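Peer 1: Take a look at this one; I'll ask things after.
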Amino acid sequence: MVAIHALGPELTGISSPDPLKFAFAGKKAAHIRSHSAAVPAEQTQEVYRQLMGSPADGRDKRLVYIHIPFCRTHCSYCGFFQNATKTDEIARYVDYLEKEIRMAAHDPWVQQNLFHAVYFGGGTPTDLTPEQIIRLGTAIRESLPVANDVEMTFEGRFHGFDNDKVAACLESGFNRFSLGAQSFNTTIRRRMSRIDPGEFLLERIGYLSSLNNATVVVDLMFGLPGQTLDDWQQDLHTFLQSKAHGVDLYQLILLANSRMKDSIEKGSMPEPASSPERAEMFRMGVETLSTHKVGRLSVSHWGRDTRERNIYNHAVKSGAEILPFGSGAGGNIDGYSIMNHRALPAYYQMIDRGMKPIMGMTQSGGNRALLATVGSGFDRGWLDLSALDRSEGVGMSEHCMALFNAWQDNGLATIHHGMLDLTLPGQFWNVTMQQALINFLEQHPFAADNAEKAA
């Protein structure tokens, strides 16, 4: 077993009277990273056809991600803007996207097992017309084998999501709306280039919930420029007063290529909250929702009742396979990560040739089972040590125990009854700790070849 003194603070965190705020220097990324190898461009189509010609194992939930790469405005915190909303271009795009979806109907991998969640993301899916929503929803159901209890999520803004579009979504089989409120505070929203005032958001949530026909989930962001603890507390209470079924709380990660970062550096926008301030906001979010008995589905997601299931979001973090459609869409199949072309001309050209519009593909470094086990556990706030042994070999959890003990010493986790439970500080730092575990195993590889696999 590796000795604790051999581990640096970038892995273990530091000992602090307040680990929630100071265990690590700061959160640097929203997702963990692991080593992967690029598939040569000339081989991507062949590899993809091999994947699609192979049977799916059917053991885990499978997902579909569909990307709508158009936005009416460019949110100041976003670094992924692709295309401005233009009616003619969207019409052309929908033609090609429908064709890409229907092409998949002939693939054995697609047809041999069910898909349990479909996610329409963006960009801004709510910029589609009702007719376009129905076309794409029909293409999904006619081309892909979706489960009878499939979670079909339609993501978007409140702005422009009128009653006709809502009706089209429901007619097409969408049963979950994920709406990016980010904040109900109108002043803060305007800093993010969000158009509508907070009162309008509450009105729309009330309408959508009154239909009693789909789950309504809102995103709230903490750590925004100029956002105070009082502002954040008010956002939490506004959610509680609304009729929304679920809420996702996530902290601002200031992207290097965002307009928000540029504005802050120029002094035209207030500084965002520091890492300790965001930590206090996280504590406030957890305590407020817990006090009001809102059910916790993951370290960052809550459901007010059983209508919100959080299938797609949790499955993604659990390493589920994802079939991607659309320009800029990303997916994951049998250890291969796939990214479709972001540039529309290249996307159109490949669809015209009857090919999957792949821009790039990578193959994971063989640690899929580990990433899935750790990702699934940490997303829920704990890690079953026996699951770690089952995925990597008997002795894996013991091999990592120096790191786990260090986390326990630093107030980030507790170890008991074969479980590594994340404390509140550990929940706040869960992505940093996941990355630390991956880095630890790269620095101190587990001798899996000599380990007896658990039954």
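Labeling convention for the structure tokens: chains A, B, ... as they appear, residues from 1 per chain, ligands from 1 in order of appearance.
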Compile the contact shell of Gly246 in chain A as a PyMOL selection string: residues with an atom at most 9 Å away, counting only C-alpha atoms, same-chain residues fewer than 5 positions apart removed.
Peer 2: chain A and resi 215-219+239+294+301-305+307-308+310
Peer 1: What lies within 8 Å of Asn83 in chain A using only C-alpha atoms, ignoring chain neighbours under 6 positions off, as a PyMOL selection string?
Peer 2: chain A and resi 69-71
Peer 1: How about saving the chosen residues, N, CA and C atoms kept, as a CSV table (one decimal), in the first residue's frame?
Peer 2:
```
chain,number,residue,atom,x,y,z
A,69,PRO,N,-27.3,23.6,-32.4
A,69,PRO,CA,-26.2,24.6,-32.3
A,69,PRO,C,-26.4,26.0,-32.6
A,70,PHE,N,-27.6,26.5,-32.2
A,70,PHE,CA,-28.0,27.9,-32.5
A,70,PHE,C,-28.4,28.6,-31.2
A,71,CYS,N,-28.0,29.9,-31.1
A,71,CYS,CA,-28.4,30.7,-30.0
A,71,CYS,C,-28.8,32.1,-30.4
```
Peer 1: Here is a test: counting only C-alpha atoms, which residue of A:Ala447, A:Ile133, A:Ile311, A:Met269 is nearest to Val150 in chain A?
Peer 2: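 Between A:Ala447, A:Ile133, A:Ile311, A:Met269, the residue approaching Val150 in chain A most closely is A:Ile311.
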Peer 1: Would you return as a PyMOL selection string the members of range 19-264 of chain A that DSSP assigns to helix (DSSP H, G or I) on this structure's backbone?
Peer 2: chain A and resi 19-22+41-53+87-106+108-111+125-127+130-143+163-172+186-191+198-210+229-241+259-264
Peer 1: So that I can see what lies close to Val166 in chain A, please list as a count of residues only the residues with an atom at most 12 Å from it, counting only C-alpha atoms and leaving out residues fewer than 6 positions away in the same chain.
Peer 2: 29
Peer 1: Report the closest atom pair, with its distance in Å rounded to one decimal, for each residue of range 8-92 of chain A that has an atom no farther than 9 Å from range 411-430 of chain A; count only C-alpha atoms, sort by chain and then rising residue number, and write it as a tab-separated table.
Peer 2:
```
residue	atom	partner	partner_atom	distance
A:Gly13	CA	A:Leu412	CA	8.5
A:Ser15	CA	A:Gly411	CA	7.7
A:Ser16	CA	A:Gly411	CA	8.3
A:Pro17	CA	A:Gly411	CA	8.9
A:Asp18	CA	A:Pro425	CA	8.4
A:Pro19	CA	A:Pro425	CA	5.9
A:Leu20	CA	A:Pro425	CA	4.0
A:Lys21	CA	A:Pro425	CA	7.6
A:Ala23	CA	A:Pro425	CA	8.0
A:Phe24	CA	A:Trp429	CA	7.9
A:Gly26	CA	A:Trp429	CA	8.7
A:Lys27	CA	A:Trp429	CA	7.3
```
Peer 1: From the set A:Gly206, A:Lys243, A:Pro225, A:Gly328, which residue has the shortest atom-to-atom contact distance to Ser263 in chain A, counting only C-alpha atoms?
Peer 2: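 Checking each candidate against Ser263 in chain A, we get A:Pro225 as the closest.
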Peer 1: Kindly provide the residues of range 246-335 of chain A that approach range 184-195 of chain A to within 10 Å, each paired with its closest atom pair and their distance in Å to one decimal, based on only C-alpha atoms, listed by chain and increasing number, as a Markdown table.
Peer 2:
```
| residue | atom | partner | partner_atom | distance |
| --- | --- | --- | --- | --- |
| A:Arg259 | CA | A:Met192 | CA | 9.3 |
| A:Met260 | CA | A:Met192 | CA | 7.7 |
| A:Met269 | CA | A:Arg191 | CA | 7.8 |
| A:Pro270 | CA | A:Arg191 | CA | 9.5 |
```
Peer 1: Convert the current residue selection to file output with C-alpha atoms, as a short mmCIF file (atom, residue, chain, number, x, y, z; two decimals), in the first residue's frame.
Peer 2:
```cif
data_model
loop_
_atom_site.label_atom_id
_atom_site.label_comp_id
_atom_site.auth_asym_id
_atom_site.auth_seq_id
_atom_site.Cartn_x
_atom_site.Cartn_y
_atom_site.Cartn_z
CA ARG A 259 -17.11 37.26 -22.77
CA MET A 260 -17.66 37.28 -19.01
CA MET A 269 -18.25 43.54 -14.79
CA PRO A 270 -17.86 42.76 -11.06
#
```
Peer 1: Check the smallest atom-to-atom distance from each of A:Phe120, A:Trp382, A:Tyr65, A:Phe440 to Cys400 in chain A using only C-alpha atoms, then report the winner.
Peer 2: A:Phe440
Peer 1: Work out how far apart CA of Asp164 in chain A and CA of Ser178 in chain A are and give it in Å to one decimal.
Peer 2: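 A separation of 17.2 Å between them.
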Peer 1: Find the residues around Ser318 in chain A up to 8 Å (only C-alpha atoms counted), leave out those fewer than 5 positions away in its own chain, and share them as JSON, numbers by chain.
Peer 2: {"A": [371, 372, 373, 374, 375, 376, 377]}
Peer 1: Here is a test: counting only C-alpha atoms, which residue of A:Glu287, A:Asp334, A:Asp107, A:Glu98 is nearest to Arg141 in chain A?
Peer 2: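 Comparing A:Glu287, A:Asp334, A:Asp107, A:Glu98 against Arg141 in chain A, the winner is A:Glu98.
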Peer 1: Neighbours of Arg380 in chain A within 7 Å (only C-alpha atoms; same-chain residues fewer than 6 positions away dropped), as a ChimeraX atom specification?
Peer 2: /A:297-299
Peer 1: Kindly indicate which residue among A:Leu385, A:Ala139, A:Met396, A:Leu255 lies nearest to Ile101 in chain A, using only C-alpha atoms for the distances.
Peer 2: A:Ala139
